[in-house]
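J.: Attaching a single structure in structure tokens format; questions to follow.
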Amino acid sequence: PTKTAALEPATITDQSRRARGTKAKEITRGIIIAFVSSTIDEANRQTRMRMRRSRHCRHFLAAMASASSVAASSAFAPSALTAEPKLRPSSHYHYRFRSPRPAHGPRTRRTPFLLRAIPNDGPISAFLSSPLASADVGSYFDLFRFSGNVPLLSSLALNAVLFFSLRPKLMTMLTPEGFAHSLALGTMLWTALGWRGWTVCVLYLFLGQLVTKVGFEEKEALGIAEGRGGRRGPENVWGSALTGTLCAAAAAQCLKTGGPFLGLASDVWVLGYVASLATKLADTFASEIGKAYGKTTFLITTLKPVPRGTEGAVSLEGTLASVVGGLSLAVYARFAVGLIPSAGGVAVATLAAFLATMVESLIGATLQEKEGFDWMTNEVVNFFNTLIGAAIAMLLGVFALGM
């Protein structure tokens, strides 16, 4: 009896604990069942709405076809154009066809709800009413148009979604500051050239990062590897893409005005954009493959053997890799996204990238790390490299391809 009395409080505690656990399970089960049922109900509701819209669309198209046939058969009776087709529409939709639109002009697109909530007299409203930041941010199709400018706010929103969804991967390639500057760059490129120009730059980033990791441990042991583990900062972003951004902006101006900019057509500026990125990718391929696999490296000015990683040094392996890098980006721009109008542009961009890479090696051998040229950093050399590549491609595009 004494033992039983001693065990009674523990038994009561266990029973109450089991009761609480059972009650918690029942509550959790009820919440899950309610959530699942509400999700199923919402999915069914959306399905019914889509079916209803599809049915209405079919009725509307049938009514349009009927009206077109009436108009075609009554070419000599203009009054018949206002006749209403005898077609039974859906339950609560009725379509009427009138001759022309009223005199007050074409129908304007309705402003999105969030923009209607912005005061009309504030700085945000003034920015949204500017030509660059079009208030037409409600059209999803404008984001993926094949050519032409894209609204700035739409580009910013889409790039923000893409960048932050891919942030774990991008942070292995970029520093936090480089991430922010790349977001700004991506927004500008999507605004100017749309998704096609944007993907060319993204391909450059991924291929450049991939080739940087080739033989990275060996290059790091020799002290010739890229700093910060190969991650790009703001100076790398703009040193590599500033020329391309300017070319993209010029091409966008041509598309906006429908004429040339500074005497050059849009295709010429687009070719310069592709060639600038192809030049930087060719330089990256040459540098990283040459450091990793270059058996014999020579100084480009004297052709004397020098250690791998020396500024201005070239090797057979790196030279061949530069051709592959420039060609790969040009081929993608022509055959994957159609940014370059002809196959001749691929040859021009590849040749310009190769020649500019040789000039970059010459600059590195003669000016970089020399007294009085402390300002000639890698980023400045990269800018001149891409500028030379774009200029060569644009000149060849005008005089050799007749653009």
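Identifiers in the structure tokens: chain A, B, ... in order shown; residue index from 1 per chain; ligand index from 1 in order shown.
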Contacts of region 380-382 of chain A at 7 Å or less, counting only C-alpha atoms, minus same-chain residues fewer than 3 places along, as a PyMOL selection string?
T.: chain A and resi 239-240+360+376-377+385-386
J.: So that I have them on file, write out the residues from the current selection with N, CA, C and O atoms, as a PDB file, in the first residue's frame.
T.:
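The new file again.pdb reads:
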ATOM      1  N   GLY A 239      34.250  47.794 -64.060  1.00  0.00           N
ATOM      2  CA  GLY A 239      35.405  47.705 -64.943  1.00  0.00           C
ATOM      3  C   GLY A 239      35.148  46.794 -66.119  1.00  0.00           C
ATOM      4  O   GLY A 239      35.664  47.005 -67.215  1.00  0.00           O
ATOM      5  N   SER A 240      34.326  45.772 -65.906  1.00  0.00           N
ATOM      6  CA  SER A 240      34.022  44.817 -66.969  1.00  0.00           C
ATOM      7  C   SER A 240      32.812  45.216 -67.806  1.00  0.00           C
ATOM      8  O   SER A 240      32.760  44.900 -68.996  1.00  0.00           O
ATOM      9  N   GLU A 360      45.342  44.419 -74.551  1.00  0.00           N
ATOM     10  CA  GLU A 360      45.339  44.467 -73.081  1.00  0.00           C
ATOM     11  C   GLU A 360      46.640  43.904 -72.517  1.00  0.00           C
ATOM     12  O   GLU A 360      47.183  44.441 -71.542  1.00  0.00           O
ATOM     13  N   MET A 376      46.738  52.947 -63.010  1.00  0.00           N
ATOM     14  CA  MET A 376      46.419  51.919 -64.008  1.00  0.00           C
ATOM     15  C   MET A 376      46.212  50.579 -63.308  1.00  0.00           C
ATOM     16  O   MET A 376      47.041  49.668 -63.372  1.00  0.00           O
ATOM     17  N   THR A 377      45.082  50.460 -62.631  1.00  0.00           N
ATOM     18  CA  THR A 377      44.753  49.223 -61.925  1.00  0.00           C
ATOM     19  C   THR A 377      44.154  48.209 -62.898  1.00  0.00           C
ATOM     20  O   THR A 377      43.911  48.514 -64.072  1.00  0.00           O
ATOM     21  N   ASN A 385      40.220  47.714 -72.066  1.00  0.00           N
ATOM     22  CA  ASN A 385      40.150  46.473 -72.842  1.00  0.00           C
ATOM     23  C   ASN A 385      38.780  46.326 -73.513  1.00  0.00           C
ATOM     24  O   ASN A 385      38.677  46.079 -74.722  1.00  0.00           O
ATOM     25  N   THR A 386      37.721  46.481 -72.730  1.00  0.00           N
ATOM     26  CA  THR A 386      36.366  46.351 -73.286  1.00  0.00           C
ATOM     27  C   THR A 386      36.051  47.492 -74.244  1.00  0.00           C
ATOM     28  O   THR A 386      35.337  47.289 -75.239  1.00  0.00           O
TER      29      THR A 386
END
J.: Give me, as a PyMOL selection string, all polymer residues having an atom no more than 10 Å from region 301-318 of chain A, counting only C-alpha atoms and skipping those fewer than 3 positions away in the same chain.
T.: chain A and resi 219+222-225+282-298+321-324+358-369+378
J.: Could you dump the residues just selected with N, CA and C atoms as a CSV table (one decimal), in the first residue's frame?
T.:
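Everything below was put into again-v9.csv:
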chain,number,residue,atom,x,y,z
A,219,LYS,N,46.8,27.8,-58.3
A,219,LYS,CA,47.1,29.3,-58.5
A,219,LYS,C,47.2,30.0,-57.2
A,222,LEU,N,50.6,29.5,-55.7
A,222,LEU,CA,51.6,30.3,-56.4
A,222,LEU,C,51.4,31.7,-56.2
A,223,GLY,N,50.3,32.1,-55.6
A,223,GLY,CA,50.1,33.5,-55.3
A,223,GLY,C,49.6,34.3,-56.5
A,224,ILE,N,49.0,33.7,-57.5
A,224,ILE,CA,48.5,34.3,-58.7
A,224,ILE,C,47.0,34.2,-58.9
A,225,ALA,N,46.3,33.7,-57.9
A,225,ALA,CA,44.9,33.6,-58.0
A,225,ALA,C,44.2,34.9,-57.7
A,282,ALA,N,37.0,36.8,-73.1
A,282,ALA,CA,38.2,36.3,-73.7
A,282,ALA,C,39.4,36.6,-72.8
A,283,ASP,N,39.5,37.7,-72.3
A,283,ASP,CA,40.6,38.1,-71.4
A,283,ASP,C,40.6,37.2,-70.1
A,284,THR,N,39.4,37.0,-69.6
A,284,THR,CA,39.4,36.1,-68.4
A,284,THR,C,39.8,34.7,-68.7
A,285,PHE,N,39.3,34.1,-69.8
A,285,PHE,CA,39.7,32.8,-70.3
A,285,PHE,C,41.2,32.7,-70.5
A,286,ALA,N,41.8,33.7,-71.1
A,286,ALA,CA,43.2,33.7,-71.4
A,286,ALA,C,44.0,33.8,-70.1
A,287,SER,N,43.6,34.6,-69.2
A,287,SER,CA,44.3,34.8,-68.0
A,287,SER,C,44.2,33.6,-67.1
A,288,GLU,N,43.0,33.1,-66.9
A,288,GLU,CA,42.9,32.0,-65.9
A,288,GLU,C,43.4,30.6,-66.5
A,289,ILE,N,43.1,30.4,-67.7
A,289,ILE,CA,43.6,29.1,-68.3
A,289,ILE,C,45.2,29.2,-68.5
A,290,GLY,N,45.7,30.4,-68.8
A,290,GLY,CA,47.1,30.5,-68.9
A,290,GLY,C,47.8,30.3,-67.6
A,291,LYS,N,47.2,30.8,-66.5
A,291,LYS,CA,47.8,30.6,-65.2
A,291,LYS,C,47.7,29.2,-64.7
A,292,ALA,N,46.7,28.5,-65.1
A,292,ALA,CA,46.5,27.1,-64.7
A,292,ALA,C,47.3,26.1,-65.5
A,293,TYR,N,47.2,26.3,-66.8
A,293,TYR,CA,47.8,25.2,-67.7
A,293,TYR,C,48.9,25.8,-68.7
A,294,GLY,N,49.3,27.0,-68.6
A,294,GLY,CA,50.3,27.5,-69.5
A,294,GLY,C,51.7,26.9,-69.2
A,295,LYS,N,52.2,26.2,-70.2
A,295,LYS,CA,53.5,25.5,-70.0
A,295,LYS,C,54.6,26.5,-70.2
A,296,THR,N,54.5,27.4,-71.2
A,296,THR,CA,55.6,28.4,-71.4
A,296,THR,C,54.9,29.7,-71.6
A,297,THR,N,55.3,30.7,-70.8
A,297,THR,CA,54.7,32.0,-71.0
A,297,THR,C,55.8,33.0,-71.4
A,298,PHE,N,55.4,33.9,-72.3
A,298,PHE,CA,56.3,34.9,-72.8
A,298,PHE,C,55.7,36.3,-72.6
A,321,ALA,N,42.5,29.7,-75.4
A,321,ALA,CA,41.3,29.8,-74.5
A,321,ALA,C,40.6,31.2,-74.7
A,322,SER,N,41.3,32.2,-75.0
A,322,SER,CA,40.7,33.5,-75.3
A,322,SER,C,39.8,33.5,-76.5
A,323,VAL,N,40.2,32.7,-77.5
A,323,VAL,CA,39.4,32.6,-78.7
A,323,VAL,C,38.1,31.8,-78.4
A,324,VAL,N,38.2,30.8,-77.6
A,324,VAL,CA,37.0,30.0,-77.1
A,324,VAL,C,36.1,30.9,-76.3
A,358,MET,N,44.9,41.0,-76.9
A,358,MET,CA,46.3,41.2,-77.2
A,358,MET,C,46.7,42.6,-76.8
A,359,VAL,N,45.9,43.6,-77.1
A,359,VAL,CA,46.2,45.0,-76.8
A,359,VAL,C,46.2,45.1,-75.2
A,360,GLU,N,45.3,44.4,-74.6
A,360,GLU,CA,45.3,44.5,-73.1
A,360,GLU,C,46.6,43.9,-72.5
A,361,SER,N,47.1,42.8,-73.1
A,361,SER,CA,48.4,42.3,-72.7
A,361,SER,C,49.5,43.3,-72.9
A,362,LEU,N,49.5,44.0,-74.0
A,362,LEU,CA,50.5,45.0,-74.3
A,362,LEU,C,50.4,46.2,-73.3
A,363,ILE,N,49.2,46.6,-72.9
A,363,ILE,CA,49.1,47.6,-71.9
A,363,ILE,C,49.6,47.2,-70.6
A,364,GLY,N,49.3,45.9,-70.2
A,364,GLY,CA,49.8,45.4,-69.0
A,364,GLY,C,51.3,45.3,-68.9
A,365,ALA,N,52.0,45.0,-70.1
A,365,ALA,CA,53.4,44.8,-70.1
A,365,ALA,C,54.1,46.2,-70.1
A,366,THR,N,53.5,47.2,-70.7
A,366,THR,CA,54.2,48.5,-70.8
A,366,THR,C,53.8,49.6,-69.8
A,367,LEU,N,52.6,49.5,-69.3
A,367,LEU,CA,52.2,50.6,-68.4
A,367,LEU,C,51.8,50.1,-67.0
A,368,GLN,N,51.2,49.0,-66.9
A,368,GLN,CA,50.7,48.6,-65.6
A,368,GLN,C,51.9,48.3,-64.6
A,369,GLU,N,51.7,48.7,-63.4
A,369,GLU,CA,52.7,48.5,-62.3
A,369,GLU,C,54.0,49.2,-62.6
A,378,ASN,N,43.9,47.0,-62.4
A,378,ASN,CA,43.3,46.0,-63.2
A,378,ASN,C,41.9,46.4,-63.8
J.: From the list A:Val202, A:Val150, A:Ala252, A:Val346, which residue is nearest Phe163 (chain A) when using only C-alpha atoms?
T.: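 Nearest to Phe163 (chain A): A:Val202.
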J.: With DSSP run on the backbone, what are the helix (DSSP H, G or I) residues within region 150-307 of chain A? I'd like them as a PyMOL selection string.
T.: chain A and resi 152-165+167-170+176-212+216-222+227-230+234-257+266-293
J.: List the spatial neighbours of region 257-273 of chain A as a count of residues only - criterion: any atom at most 8 Å away, only C-alpha atoms, same-chain residues fewer than 2 positions off excluded.
T.: 27
